[in-house]
Structure formats: C-alpha cells, structure tokens
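So this one's coords.csv, CSV, C-alpha atoms:
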chain,number,residue,atom,x,y,z
F,1023,MET,CA,19.8,9.8,-3.8
F,1024,PHE,CA,16.7,9.3,-1.6
F,1025,ARG,CA,15.5,5.7,-1.9
F,1026,ILE,CA,12.0,4.5,-1.2
F,1027,ALA,CA,11.2,0.7,-1.0
F,1028,HIS,CA,7.6,-0.1,-1.8
F,1029,VAL,CA,6.2,-3.3,-0.1
F,1030,SER,CA,2.6,-4.3,-0.4
F,1031,ASP,CA,0.0,-7.0,0.5
F,1032,LEU,CA,2.0,-8.8,3.2
F,1033,HIS,CA,-1.0,-10.9,4.2
F,1034,VAL,CA,0.6,-11.8,7.5
F,1035,LEU,CA,-0.8,-14.9,9.3
F,1036,ALA,CA,-1.0,-15.3,13.1
F,1037,PRO,CA,1.8,-17.6,14.4
F,1038,ALA,CA,-0.7,-19.5,16.5
F,1039,GLY,CA,-3.1,-20.1,13.6
F,1040,VAL,CA,-6.8,-19.2,13.4
F,1041,GLU,CA,-9.4,-19.6,16.2
F,1042,LEU,CA,-12.6,-20.9,14.5
F,1043,ARG,CA,-14.8,-18.9,16.9
F,1044,ARG,CA,-13.3,-15.8,15.4
F,1045,ILE,CA,-14.2,-16.6,11.9
F,1046,LEU,CA,-17.6,-18.3,12.0
F,1047,PHE,CA,-20.7,-16.4,11.0
F,1048,ASN,CA,-18.9,-13.4,9.5
F,1049,LYS,CA,-17.0,-12.5,6.3
F,1050,ARG,CA,-13.8,-14.1,7.7
F,1051,VAL,CA,-15.1,-17.5,6.9
F,1052,THR,CA,-14.8,-16.8,3.2
F,1053,GLY,CA,-11.3,-15.5,3.7
F,1054,TYR,CA,-10.4,-18.5,5.8
F,1055,ALA,CA,-11.6,-20.8,3.0
F,1056,ASN,CA,-9.4,-19.0,0.6
F,1057,LEU,CA,-6.5,-19.4,3.0
F,1058,LEU,CA,-7.0,-23.1,3.3
F,1059,LEU,CA,-7.5,-23.7,-0.5
F,1060,LYS,CA,-4.7,-21.5,-1.8
F,1061,ARG,CA,-3.2,-18.5,0.1
F,1062,ALA,CA,-1.3,-20.4,2.9
F,1063,ARG,CA,0.6,-22.4,0.2
F,1064,VAL,CA,1.6,-19.5,-1.9
F,1065,TYR,CA,2.3,-16.8,0.7
F,1066,ARG,CA,5.6,-17.9,2.3
F,1067,ARG,CA,6.8,-16.5,5.6
F,1068,ASP,CA,10.4,-17.0,4.8
F,1069,TYR,CA,9.9,-14.9,1.6
F,1070,LEU,CA,8.3,-12.2,3.7
F,1071,LEU,CA,11.2,-12.0,6.1
F,1072,SER,CA,13.7,-11.8,3.3
F,1073,VAL,CA,11.7,-9.1,1.5
F,1074,LEU,CA,11.3,-6.9,4.6
F,1075,SER,CA,14.9,-7.2,5.6
F,1076,ALA,CA,16.1,-6.4,2.1
F,1077,ALA,CA,13.7,-3.5,1.6
F,1078,ALA,CA,14.9,-1.9,4.9
F,1079,ALA,CA,18.5,-2.4,4.0
F,1080,ALA,CA,18.1,-0.9,0.5
F,1081,SER,CA,16.1,2.2,1.3
F,1082,ASP,CA,15.8,5.4,3.3
F,1083,HIS,CA,12.1,4.8,3.8
F,1084,VAL,CA,9.9,1.7,3.5
F,1085,VAL,CA,6.2,2.3,2.5
F,1086,VAL,CA,3.6,-0.4,2.8
F,1087,THR,CA,0.4,0.0,0.7
F,1088,GLY,CA,-2.0,-2.1,2.6
F,1089,ASP,CA,-3.3,-5.7,3.2
F,1090,ILE,CA,-0.7,-6.1,5.9
F,1091,THR,CA,-2.9,-8.8,7.5
F,1092,ASN,CA,-5.0,-11.6,6.1
F,1093,LEU,CA,-8.2,-11.7,8.2
F,1094,SER,CA,-7.8,-8.7,10.6
F,1095,LEU,CA,-7.2,-11.0,13.5
F,1096,GLU,CA,-5.5,-9.7,16.7
F,1097,GLY,CA,-2.8,-12.3,16.3
F,1098,GLU,CA,-2.1,-11.1,12.8
F,1099,TYR,CA,-2.0,-7.4,13.8
F,1100,GLU,CA,0.5,-8.2,16.6
F,1101,GLU,CA,2.7,-10.3,14.4
F,1102,ALA,CA,2.6,-7.7,11.6
F,1103,VAL,CA,3.6,-4.9,14.0
F,1104,ARG,CA,6.5,-7.0,15.3
F,1105,LEU,CA,7.7,-7.6,11.7
F,1106,LEU,CA,7.4,-3.9,10.8
F,1107,GLU,CA,9.1,-2.8,14.0
F,1108,ASP,CA,12.0,-5.1,13.1
F,1109,ALA,CA,12.3,-3.3,9.8
F,1110,ALA,CA,11.9,0.1,11.5
F,1111,ARG,CA,15.2,-0.6,13.4
F,1112,TRP,CA,17.0,0.1,10.1
F,1113,THR,CA,14.8,2.6,8.3
F,1114,GLU,CA,11.6,4.5,8.7
F,1115,VAL,CA,8.3,2.7,7.8
F,1116,THR,CA,5.0,4.2,6.7
F,1117,VAL,CA,1.8,2.1,6.2
F,1118,VAL,CA,-1.7,2.6,4.9
F,1119,PRO,CA,-4.5,0.1,5.3
F,1120,GLY,CA,-6.0,-2.3,2.8
F,1121,ASN,CA,-9.3,-4.1,2.7
F,1122,HIS,CA,-7.9,-7.1,4.5
F,1123,ASP,CA,-6.9,-4.9,7.4
F,1124,ILE,CA,-10.4,-3.6,7.9
F,1125,TYR,CA,-12.3,-6.9,7.3
F,1126,LEU,CA,-15.3,-6.3,9.4
F,1127,PRO,CA,-17.5,-3.3,10.4
F,1128,ALA,CA,-16.7,-3.9,14.1
F,1129,ILE,CA,-12.9,-3.7,13.4
F,1130,HIS,CA,-13.5,-0.5,11.6
F,1131,HIS,CA,-15.6,1.2,14.3
F,1132,GLU,CA,-13.4,0.0,17.1
F,1133,ARG,CA,-10.4,1.6,15.3
F,1134,ARG,CA,-8.3,-1.6,15.6
F,1135,PHE,CA,-6.0,-0.6,12.7
F,1136,PRO,CA,-4.8,2.8,14.1
F,1137,HIS,CA,-4.6,1.1,17.6
F,1138,HIS,CA,-1.9,-1.3,16.3
F,1139,PHE,CA,-0.3,0.7,13.4
F,1140,GLY,CA,-0.6,4.3,14.6
F,1141,GLY,CA,3.1,4.4,15.3
F,1142,PHE,CA,3.7,4.1,11.5
F,1143,MET,CA,1.2,6.8,10.6
F,1144,GLN,CA,2.5,9.9,12.5
F,1145,SER,CA,1.9,12.9,10.2
F,1146,ASP,CA,4.0,16.0,10.0
F,1147,LEU,CA,0.9,18.0,9.0
F,1148,PRO,CA,-1.7,16.6,11.4
F,1149,ALA,CA,-3.9,19.8,11.2
F,1150,LEU,CA,-4.7,18.9,7.6
F,1151,ALA,CA,-5.9,15.4,8.3
F,1152,VAL,CA,-9.4,14.2,8.7
F,1153,GLU,CA,-10.4,11.6,11.3
F,1154,LEU,CA,-11.4,8.3,9.9
F,1155,PRO,CA,-12.0,4.9,11.6
F,1156,ALA,CA,-8.8,3.7,10.0
F,1157,GLY,CA,-6.8,6.7,11.4
F,1158,HIS,CA,-6.0,10.3,10.5
F,1159,PHE,CA,-5.5,10.8,6.8
F,1160,PRO,CA,-3.9,12.2,4.8
F,1161,CYS,CA,-0.8,11.2,6.7
F,1162,VAL,CA,2.1,13.3,5.5
F,1163,LYS,CA,5.8,12.7,6.1
F,1164,LEU,CA,8.2,15.3,4.7
F,1165,ARG,CA,11.5,13.5,4.1
F,1166,GLY,CA,14.3,15.0,2.0
F,1167,PRO,CA,13.1,15.6,-1.5
F,1168,ALA,CA,9.9,13.6,-0.9
F,1169,ALA,CA,6.5,14.4,0.5
F,1170,ILE,CA,5.1,11.0,1.4
F,1171,ILE,CA,1.3,11.2,1.6
F,1172,GLY,CA,-0.7,8.2,2.9
F,1173,LEU,CA,-4.4,7.8,2.2
F,1174,SER,CA,-6.9,5.2,3.4
F,1175,SER,CA,-9.1,3.5,0.8
F,1176,ALA,CA,-10.0,0.7,3.2
F,1177,VAL,CA,-13.6,0.2,4.2
F,1178,PRO,CA,-15.5,-2.9,5.4
F,1179,ARG,CA,-17.4,-4.7,2.6
F,1180,PRO,CA,-19.7,-7.7,2.3
F,1181,PRO,CA,-18.3,-11.1,1.4
F,1182,PHE,CA,-16.8,-11.3,-2.1
F,1183,VAL,CA,-16.5,-7.5,-2.3
F,1184,SER,CA,-13.1,-5.8,-1.8
F,1185,ALA,CA,-13.7,-2.4,-3.3
F,1186,GLY,CA,-12.2,0.8,-1.8
F,1187,TYR,CA,-13.4,4.3,-1.2
F,1188,LEU,CA,-11.6,7.5,-0.3
F,1189,GLY,CA,-14.5,9.8,0.3
F,1190,ALA,CA,-15.1,13.5,-0.3
F,1191,ALA,CA,-13.7,14.6,3.1
F,1192,GLN,CA,-10.3,12.8,2.6
F,1193,LEU,CA,-10.0,14.0,-1.0
F,1194,GLU,CA,-10.7,17.6,0.0
F,1195,ALA,CA,-8.0,17.3,2.7
F,1196,LEU,CA,-5.7,15.8,0.0
F,1197,GLY,CA,-6.2,19.0,-2.1
F,1198,GLN,CA,-5.2,21.1,0.9
F,1199,VAL,CA,-2.1,19.0,1.5
F,1200,LEU,CA,-1.0,19.3,-2.1
F,1201,GLN,CA,-1.1,23.1,-1.8
F,1202,HIS,CA,0.9,23.3,1.4
F,1203,PRO,CA,4.3,25.0,0.8
F,1204,GLU,CA,6.3,22.2,2.3
F,1205,VAL,CA,4.6,19.7,0.0
F,1206,VAL,CA,4.8,22.0,-3.1
F,1207,ARG,CA,8.6,22.2,-2.9
F,1208,ARG,CA,8.9,18.4,-2.7
F,1209,THR,CA,8.0,15.5,-5.0
F,1210,PRO,CA,4.7,14.0,-3.9
F,1211,VAL,CA,4.7,10.3,-3.2
F,1212,VAL,CA,1.1,9.3,-2.7
F,1213,LEU,CA,0.2,5.9,-1.1
F,1214,VAL,CA,-3.1,4.2,-1.5
F,1215,HIS,CA,-4.1,0.5,-1.5
F,1216,HIS,CA,-6.6,0.4,-4.4
F,1217,CYS,CA,-5.8,1.1,-8.1
F,1218,PRO,CA,-6.4,4.7,-9.0
F,1219,PHE,CA,-7.6,3.8,-12.5
F,1220,ASP,CA,-11.1,2.7,-13.5
F,1221,SER,CA,-11.8,-0.9,-14.2
F,1222,ARG,CA,-13.0,-1.9,-17.7
F,1223,LEU,CA,-16.4,-2.8,-16.3
F,1224,ARG,CA,-18.2,-0.7,-13.8
F,1225,LEU,CA,-19.4,-3.8,-12.0
F,1226,GLU,CA,-15.8,-4.9,-11.5
F,1227,GLN,CA,-14.9,-1.6,-10.1
F,1228,LEU,CA,-17.8,-1.7,-7.6
F,1229,ARG,CA,-16.7,-5.2,-6.6
F,1230,SER,CA,-12.9,-4.8,-6.3
F,1231,GLY,CA,-11.8,-1.4,-7.5
F,1232,LEU,CA,-11.6,2.1,-6.1
F,1233,VAL,CA,-15.2,3.3,-6.3
F,1234,ASP,CA,-14.3,7.0,-6.5
F,1235,ALA,CA,-11.1,6.7,-8.6
F,1236,SER,CA,-12.2,9.5,-10.9
F,1237,ALA,CA,-12.5,11.9,-8.0
F,1238,PHE,CA,-9.1,10.8,-6.8
F,1239,ARG,CA,-7.5,11.4,-10.2
F,1240,ALA,CA,-9.2,14.9,-10.3
F,1241,ALA,CA,-7.5,15.7,-6.9
F,1242,LEU,CA,-4.2,14.8,-8.4
F,1243,GLU,CA,-4.7,17.0,-11.5
F,1244,PRO,CA,-2.7,20.0,-10.3
F,1245,LEU,CA,0.5,17.9,-10.0
F,1246,ALA,CA,3.2,18.1,-12.7
F,1247,CYS,CA,5.2,15.1,-11.4
F,1248,GLY,CA,5.3,12.6,-8.7
F,1249,LEU,CA,4.6,9.0,-7.7
F,1250,VAL,CA,1.3,7.2,-6.9
F,1251,LEU,CA,2.0,3.9,-5.3
F,1252,TYR,CA,-0.6,1.2,-4.7
F,1253,GLY,CA,-1.1,-2.6,-4.3
F,1254,HIS,CA,-4.2,-4.8,-4.2
F,1255,LEU,CA,-3.7,-6.4,-7.6
F,1256,HIS,CA,-0.7,-8.6,-6.7
F,1257,VAL,CA,1.2,-7.7,-9.9
F,1258,ARG,CA,4.0,-5.2,-10.8
F,1259,ARG,CA,2.6,-2.5,-13.0
F,1260,HIS,CA,3.8,0.9,-14.2
F,1261,ALA,CA,1.5,3.4,-15.9
F,1262,ARG,CA,1.5,7.1,-16.5
F,1263,LEU,CA,-1.3,9.4,-15.4
F,1264,LEU,CA,-1.4,12.6,-17.5
F,1265,THR,CA,-2.3,15.8,-15.8
F,1266,THR,CA,-2.9,19.4,-17.0
F,1267,SER,CA,0.8,20.2,-16.3
F,1268,GLY,CA,2.7,17.0,-16.6
F,1269,ALA,CA,2.4,13.3,-15.7
F,1270,LEU,CA,2.5,11.1,-12.7
F,1271,ASP,CA,4.2,7.7,-12.5
F,1272,VAL,CA,1.6,5.3,-11.1
F,1273,VAL,CA,3.2,2.0,-9.9
F,1274,CYS,CA,1.7,-1.2,-8.4
F,1275,ALA,CA,3.7,-3.6,-6.2
F,1276,THR,CA,3.1,-7.3,-6.1
F,1277,ALA,CA,2.3,-9.2,-2.9
F,1278,ALA,CA,5.5,-9.2,-0.9
F,1279,ALA,CA,5.6,-13.0,-0.1
F,1280,LEU,CA,3.9,-14.5,-3.1
F,1281,ASP,CA,5.5,-17.6,-4.6
F,1282,HIS,CA,4.8,-17.4,-8.3
F,1283,ASP,CA,6.6,-18.3,-11.6
F,1284,ASP,CA,5.8,-15.0,-13.3
F,1285,ASP,CA,8.4,-12.2,-12.5
F,1286,ARG,CA,5.6,-9.6,-12.6
F,1287,VAL,CA,3.9,-11.4,-9.8
F,1288,ARG,CA,6.7,-13.0,-7.8
F,1289,ALA,CA,7.6,-11.9,-4.3
F,1290,GLY,CA,9.8,-8.9,-3.8
F,1291,PHE,CA,9.5,-5.1,-3.5
F,1292,ASN,CA,9.7,-2.0,-5.7
F,1293,LEU,CA,12.5,0.5,-5.4
F,1294,TYR,CA,12.3,4.2,-6.4
F,1295,GLU,CA,15.1,6.8,-6.4
F,1296,LEU,CA,14.7,10.5,-6.1
F,1297,ASP,CA,17.7,12.8,-6.7
F,1298,GLU,CA,18.4,15.9,-4.5
F,1299,GLU,CA,16.1,18.0,-6.6
F,1300,GLY,CA,13.3,15.6,-6.3
F,1301,ARG,CA,13.6,14.2,-9.9
F,1302,ILE,CA,12.6,10.6,-10.2
F,1303,ALA,CA,15.9,8.9,-11.2
F,1304,ALA,CA,14.8,5.2,-11.2
F,1305,ILE,CA,11.7,3.0,-10.9
F,1306,GLY,CA,12.5,-0.7,-10.5
F,1307,ALA,CA,11.9,-3.8,-8.6
F,1308,ARG,CA,13.9,-6.3,-6.6
F,1309,VAL,CA,12.5,-9.8,-7.5
F,1310,LEU,CA,13.2,-12.6,-5.0
F,1311,GLU,CA,14.9,-15.6,-6.4
F,1312,PRO,CA,13.1,-19.0,-5.8
F,1313,ALA,CA,15.6,-20.0,-3.1
F,1314,GLY,CA,14.5,-17.0,-1.1
F,1315,ALA,CA,18.0,-15.7,-0.3
F,1316,THR,CA,18.9,-13.3,-3.2
F,1317,PHE,CA,17.2,-10.7,-5.3
F,1318,ARG,CA,17.6,-9.7,-8.9
F,1319,TYR,CA,16.9,-6.1,-10.1
F,1320,ALA,CA,14.2,-5.6,-12.8
F,1321,GLN,CA,13.5,-2.2,-14.2
F,1322,LEU,CA,9.9,-1.2,-14.4
F,1323,ALA,CA,10.0,0.3,-17.9
F,1324,VAL,CA,8.2,3.5,-18.7
F,1325,PRO,CA,4.9,2.5,-20.3
F,1326,LEU,CA,4.4,3.3,-24.0
F,1327,GLU,CA,0.9,4.6,-23.4
F,1328,ALA,CA,-0.3,7.1,-20.8
F,1329,ALA,CA,-3.5,6.5,-19.0

If you took the structure in this file and wrote it as structure tokens, what would it be?
Amino acid sequence: MFRIAHVSDLHVLAPAGVELRRILFNKRVTGYANLLLKRARVYRRDYLLSVLSAAAAASDHVVVTGDITNLSLEGEYEEAVRLLEDAARWTEVTVVPGNHDIYLPAIHHERRFPHHFGGFMQSDLPALAVELPAGHFPCVKLRGPAAIIGLSSAVPRPPFVSAGYLGAAQLEALGQVLQHPEVVRRTPVVLVHHCPFDSRLRLEQLRSGLVDASAFRAALEPLACGLVLYGHLHVRRHARLLTTSGALDVVCATAAALDHDDDRVRAGFNLYELDEEGRIAAIGARVLEPAGATFRYAQLAVPLEAA
C-alpha cells in the first residue's frame, strides 16, 4: 500500500510572537485581532507537533494543503519550514500555499512563499509548470501508484476576503499534466487549498471560496478516478465529483492543531491508501485525542450523494 497523510491549515505562529510594526496599517491587523480573540487559544502547538510526527510516521508521503502560516510573517515562515523539515526526515513532504501564506501583495510579488518552501515543491515535470508569484505550478511528483499534483489557489486579498483563484494559465497547464503518459498511468492526487465546489451563494464564493471553481472542475472532467484534497474550511468532509467517465473523491482536512469538541473539526490528519494498481483502498482520518498523545481512526464514509 502507498499511504498519503493529508495535513492542512497548520497556522504556525512565530515563536518570538508578533512585532506590532509588521502588522499595523495592513491586512495583518485584522488577522492579529482574530489571533488575540480566538485563534491563539484553539490552535495548540503541542497538538501540531503530535500531528506532524504521527502523519510522517504513518505515511509514505505527507501533503499539506495550505495555510501553513498565520500572518505570513518571516518568523512564521522560518518556524514552519523547521517543523516540516523535521517531518521530512521520516517521509517526503509536499506543500501548496493557502491564503494565509500570501497575506499581502508585497509578499506575493517578492515571492516569499517559494523562497521559504521551494524545497517542498520540486516538480518531476517542471517543463509543464507555469511561473506564478507563489512558485511554479502545477507541481508534480510521481510516486509509486500516485501522481501528486500541487496547485496554487492563493492570491492576496483585501481585509475580510479569503477567496482563491487558479487562473486560466495554471488550469491550462493542469490539462497538459493530466495528459502526460506518466500521470495517465497513475492515480492523480490533486492538491489545492480552496474548496473545488461552488458556495451556495455567489457572494460567499467571491468572499471565501474558489472563484473559478467551475473551470477547475471542468479541467478535471477527463479523469475517471482520483483524489482531490483541500483545506480552508477547517472540517473533515468527503464528497464525490462525478465526471464523464467516473468519479473523483474530494476530501477536506480539518486544521491540524485545532482544539474542538466536534470530531469532524478536531485536530488530526487524513490518511489515504492506494494499492499497487492505484486503486483507492481507504479514506480515513486520525483524530487526536484531547490529551494530545494518541489518535483514533475514523473512516470518512463514502457520501450518499455525488456533487
């Protein structure tokens, strides 16, 4: 079996705290207010360490679907890289960015995310990638029965807006990747931060969803099977996306370090198993117990309705 651990929304904080001069007069001030009011109390560092360690030990590959940092501060980037490098001592790690990782236009244009996390985004098919401020995407890793395909939906937004966007160039490149012979003979595992489904209200989608979700789904239409993994919503969720020739399993992971009473939301990671032929053998989650030392396995049941 080839096992993939899916971790998301780490929201790593800088060990030295936040310098006020870095957050005043920009979008970070709203994120910092959220941190003071809620996030610092419910995102526990001890939980995060347990989750990363267990995910690395349980899998052949760890994928991280964005929001690795909280305010895109240099101290957060450096701490996150250190934590992921620790996990990478035991298994390979692949990351894609989330909206919290590209918080400001300056960070986007200065390419701070690929500067820090480029080592986790080395593609096996670099000629098919397009250059974006967040890095070169799609990032493709051909591993055993899986073709792991990372995408960037992270773009800087105004305060109170967290919507994502893939863009025509990246989606066109994705179409070329999906036709590559080395990808065709494997099971695609597509990574993106934002939800690939439309929100119930268009305004909600423009505020916090994936703006071009319909174009993304159209690019996936040729696939008969595979996994689409995302984060952003801080809840475990499993849906089916019907295509012309089959169906894709679309799975959301909760925030890795989130202290919450609901098992759908509580800290942990998802775990997927592919057999030697690339068939999806298991889709489940490891939910962290309140004491923070042990996990219990929860199957993410196949949904009754396809999306």

All residues 7 Å or closer to Ile1170 in chain F, all atoms listed in the file, same chain fewer than 2 positions away omitted, as a ChimeraX atom specification: /F:1162-1164,1168,1172,1210-1212

Can you list every residue of range 1150-1188 of chain F that has an atom at most 9 Å from range 1198-1202 of chain F, with its nearest atom pair and the distance in Å to one decimal, using all atoms listed in the file, ordered by chain then number, as CSV?
residue,atom,partner,partner_atom,distance
F:Leu1150,CA,F:Val1199,CA,6.6
F:Ala1151,CA,F:Val1199,CA,8.6
F:Pro1160,CA,F:Val1199,CA,7.8
F:Val1162,CA,F:Val1199,CA,8.1
F:Ile1171,CA,F:Val1199,CA,8.5

CA of Ser1081 in chain F to CA of Arg1025 in chain F, distance in Å rounded to a single decimal: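 If I compute the distance from CA of Ser1081 in chain F to CA of Arg1025 in chain F, I get 4.8 Å.
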
Shortest interatomic distance to Pro1155 in chain F - which of F:Leu1126, F:Ala1077, F:Leu1310, F:Leu1093, counting all atoms listed in the file: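 Using all atoms listed in the file, Pro1155 in chain F sits closest to F:Leu1126.
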
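Nearest to Ser1184 in chain F of all the residues F:Asp1220, F:Asp1089, F:Glu1243, F:Asp1283 is F:Asp1089, counting only C-alpha atoms.
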
Trp1112 in chain F surroundings by all atoms listed in the file, 8 Å radius, close-in-sequence under 4 positions cut, as a VMD selection string: chain F and resid 1078 to 1079 1108
